[in-house]
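Below: the structure, in structure tokens.
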Amino acid sequence: EEQRVNVLMSRARMGLFIVGNSTCLSASEKGAHVWQPLLQMLGEAGQVKKGLPTFCELHPDDEPIELCQPCDFRKYRPNGGCSRSCTYRMSCGHVCPQACHPLDRSHKVAETLCCEPCRRFPPECLLEHSCKKLCKEKCGPCTTIVDAVTMPCGHLYKSPRCHDVRNDEATEELSRRCKVKVKHRFPCGHDVLTKCSNARGIQSCPSLCGKEMECGHQCQNLCGSCTNGHTCTKKCERTLFCGHECGRSCHFSEDCEPCNQKCDVRCVDSKCSKLCHEICASCVEPCDWQCDHQGKCPLVCGAPCARLPCNERCTNKLSCGHR
């Protein structure tokens, strides 16, 4: 509409950019009579462009670049400036690797993101080794590998870090981590193969005692725990009257206690529910023993048999056909 175009054109104070397709605006049915003379006037003044003209704030003398596609912003104005390299030398000593950028002119943010190799000397490094980290990272202890050193324990530490041998205290600490296998002999006579760093802290012998006790068993406790006497930890292997093993801890000088296992006595009718050392209750069910020659047993199941076993040949046949 003519009124809206009039408002659009009359509100600008410093400047106005009209973004659109001039061909479509000139050919519109309702607005052609407005846009055609306006575009003709702008064209004669050289103010109709193919794209958005942009300038670099830091390099205003350069020719403007017209951006026609969205991808042109990243291509020609990657950081809001131009595509030139930023030559600013930051406080870390490195040159800013970014393209021209109007923002962060003091490079305070860029210095915290510097990914160049660090050239500083780590603290406490007397040999002035270069830091192995990135510029944006804290240096920390020097990790440069130096020549082998002899630790206070007498062993050679190969390929130590510079920080580990910076002074006598550090070397002593390195000795506490010595991994060389050594043989340590205890007053009891046992030898134990362990790390050099562990040998100093072992107070008691970790080997098995192995001494023969009065019961005939060898002591299975650790040697260091037998200072107050030996205690047999094996089970008693004696067989009780009932046929069960004792099962208690070895008691060489004491008699075995009554058997506390479940009673094994049973018949075809039931099983004894008492412990082995308790007196069984006799089964009073009728005895199921019988044969063709002597008939059925007249007594109860738990009573002793009142007759001799039958010596006649059995008449039953097996599945194979034999008697």
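Naming works like this for the structure tokens: A, B, ... for the chains as they're shown, residue 1 at the start of each chain, ligands 1 onward in shown order.
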Residue neighbourhood Lys183 in chain A, 12 Å, only C-alpha atoms, exclusion window fewer than 3 positions, as a list in words: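 Near neighbours after the sequence-gap exclusion: Val180, Phe186, Gly189, His190, Asp191, Val192, Leu193, Thr194, Lys195, Cys196, Ser197, Asn198, Ala199 and Arg200 of chain A.
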Alpha helix (DSSP H) residues, from DSSP on the backbone, in range 49-245 of chain A, as a PyMOL selection string: chain A and resi 71-76+108-112+168-175+196-199
Residue set, range 109-273 of chain A restricted to strand (DSSP E or B), as a PyMOL selection string: chain A and resi 117+134+145+149-150+156-157+161+181-185+191-195+208+212+218+222+235+239+245+249+262+266+271
Residue with smallest distance to Ser175 in chain A - pool A:Thr150, A:Ser22, A:Asn79, A:Gln261, counting only C-alpha atoms: A:Thr150
Long-range neighbours of His94 in chain A as a PyMOL selection string, 12 Å cut-off, only C-alpha atoms, 2 positions minimum in chain: chain A and resi 86-92+96-98+107+110-120+134-136
Residues near Pro102 in chain A, cut-off 8 Å, only C-alpha atoms, skip fewer than 5 positions along chain, as a VMD selection string: chain A and resid 57 to 58 79 to 81
Best match for closeness to Ser159 in chain A among A:Thr171, A:Arg248, A:Ile145, A:Cys280, counting only C-alpha atoms: A:Ile145
Contacts of Gln220 in chain A at 10 Å (only C-alpha atoms; same-chain gap of 2+ positions) as a VMD selection string: chain A and resid 207 to 212 217 to 218 222 to 223 226 230 to 234
Just to be explicit: take each residue in the selection above, keep C-alpha atoms, and write the result as a PDB file, in the first residue's frame.
ATOM      1  CA  SER A 207      54.619 -66.210  55.993  1.00  0.00           C
ATOM      2  CA  LEU A 208      52.826 -69.279  57.322  1.00  0.00           C
ATOM      3  CA  CYS A 209      54.280 -70.507  60.597  1.00  0.00           C
ATOM      4  CA  GLY A 210      54.491 -74.191  59.625  1.00  0.00           C
ATOM      5  CA  LYS A 211      55.760 -75.410  63.013  1.00  0.00           C
ATOM      6  CA  GLU A 212      54.559 -78.816  64.204  1.00  0.00           C
ATOM      7  CA  HIS A 217      49.417 -80.704  62.760  1.00  0.00           C
ATOM      8  CA  GLN A 218      51.444 -77.874  61.298  1.00  0.00           C
ATOM      9  CA  LEU A 222      50.818 -66.275  60.062  1.00  0.00           C
ATOM     10  CA  CYS A 223      54.221 -66.373  61.632  1.00  0.00           C
ATOM     11  CA  CYS A 226      52.241 -66.830  66.731  1.00  0.00           C
ATOM     12  CA  HIS A 230      50.297 -71.683  68.476  1.00  0.00           C
ATOM     13  CA  THR A 231      46.642 -72.479  67.954  1.00  0.00           C
ATOM     14  CA  CYS A 232      45.623 -75.370  65.740  1.00  0.00           C
ATOM     15  CA  THR A 233      42.910 -74.373  63.270  1.00  0.00           C
ATOM     16  CA  LYS A 234      42.409 -77.769  61.645  1.00  0.00           C
TER      17      LYS A 234
END
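Of the listed residues A:Ala170, A:Ala12, A:Cys178, A:Cys246, the one whose atoms come nearest to Gly154 in chain A is A:Cys178, with distances taken using only C-alpha atoms.
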Any idea what's packed within 12 Å of Ile279 in chain A, counting only C-alpha atoms, ignoring anything in its chain fewer than 4 positions away? Could you give it as a PDB file with C-alpha atoms, in the first residue's frame?
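What landed in part-v2.pdb:
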ATOM      1  CA  LYS A 262      21.414 -85.834  62.825  1.00  0.00           C
ATOM      2  CA  CYS A 263      20.736 -89.490  63.526  1.00  0.00           C
ATOM      3  CA  VAL A 265      18.759 -94.562  61.856  1.00  0.00           C
ATOM      4  CA  CYS A 272      14.735 -90.786  63.533  1.00  0.00           C
ATOM      5  CA  SER A 273      14.455 -87.024  64.084  1.00  0.00           C
ATOM      6  CA  LYS A 274      16.822 -86.780  67.050  1.00  0.00           C
ATOM      7  CA  LEU A 275      20.515 -86.010  67.255  1.00  0.00           C
TER       8      LEU A 275
END
d(CA of Asn6 in chain A, CA of Gln47 in chain A) in Å: 18.4 Å
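We find CA of Pro64 in chain A and CA of Met9 in chain A to be spaced 24.3 Å apart.
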Proximity to Cys215 in chain A - best of A:Asn167, A:Thr239, A:Ser249, A:Gln290, only C-alpha atoms: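 Closest candidate: A:Ser249.
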All residues 12 Å or closer to Asn311 in chain A, only C-alpha atoms, same chain fewer than 6 positions away omitted, as an NGL selection string: :A and (291-294)
Would you output that residue set with N, CA and C atoms, as an mmCIF file, in the first residue's frame?
data_model
loop_
_atom_site.group_PDB
_atom_site.id
_atom_site.type_symbol
_atom_site.label_atom_id
_atom_site.label_comp_id
_atom_site.auth_asym_id
_atom_site.auth_seq_id
_atom_site.Cartn_x
_atom_site.Cartn_y
_atom_site.Cartn_z
ATOM 1 N N CYS A 291 8.107 -113.856 54.193
ATOM 2 C CA CYS A 291 8.538 -114.705 53.084
ATOM 3 C C CYS A 291 7.526 -115.840 52.914
ATOM 4 N N ASP A 292 7.655 -116.595 51.821
ATOM 5 C CA ASP A 292 6.690 -117.662 51.526
ATOM 6 C C ASP A 292 6.861 -118.864 52.444
ATOM 7 N N HIS A 293 8.022 -118.970 53.060
ATOM 8 C CA HIS A 293 8.303 -120.168 53.855
ATOM 9 C C HIS A 293 7.962 -119.988 55.329
ATOM 10 N N GLN A 294 8.246 -118.812 55.897
ATOM 11 C CA GLN A 294 8.014 -118.605 57.326
ATOM 12 C C GLN A 294 6.870 -117.630 57.602
#
Any chance you could tabulate, as a Markdown table, the residues of range 225-274 of chain A at most 10 Å from range 295-303 of chain A with each one's nearest atom pair and distance in Å to one decimal, using only C-alpha atoms, in chain and rising number order?
| residue | atom | partner | partner_atom | distance |
| --- | --- | --- | --- | --- |
| A:Cys267 | CA | A:Cys301 | CA | 8.0 |
| A:Val268 | CA | A:Cys301 | CA | 9.0 |
| A:Asp269 | CA | A:Cys301 | CA | 8.7 |
Print the selection's residues with C-alpha atoms to a file, as a tab-separated table (two decimals), in the first residue's frame.
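Result written to selection.tsv:
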chain	number	residue	atom	x	y	z
A	267	CYS	CA	13.28	-97.87	58.62
A	268	VAL	CA	10.76	-98.28	55.83
A	269	ASP	CA	8.18	-96.34	57.84
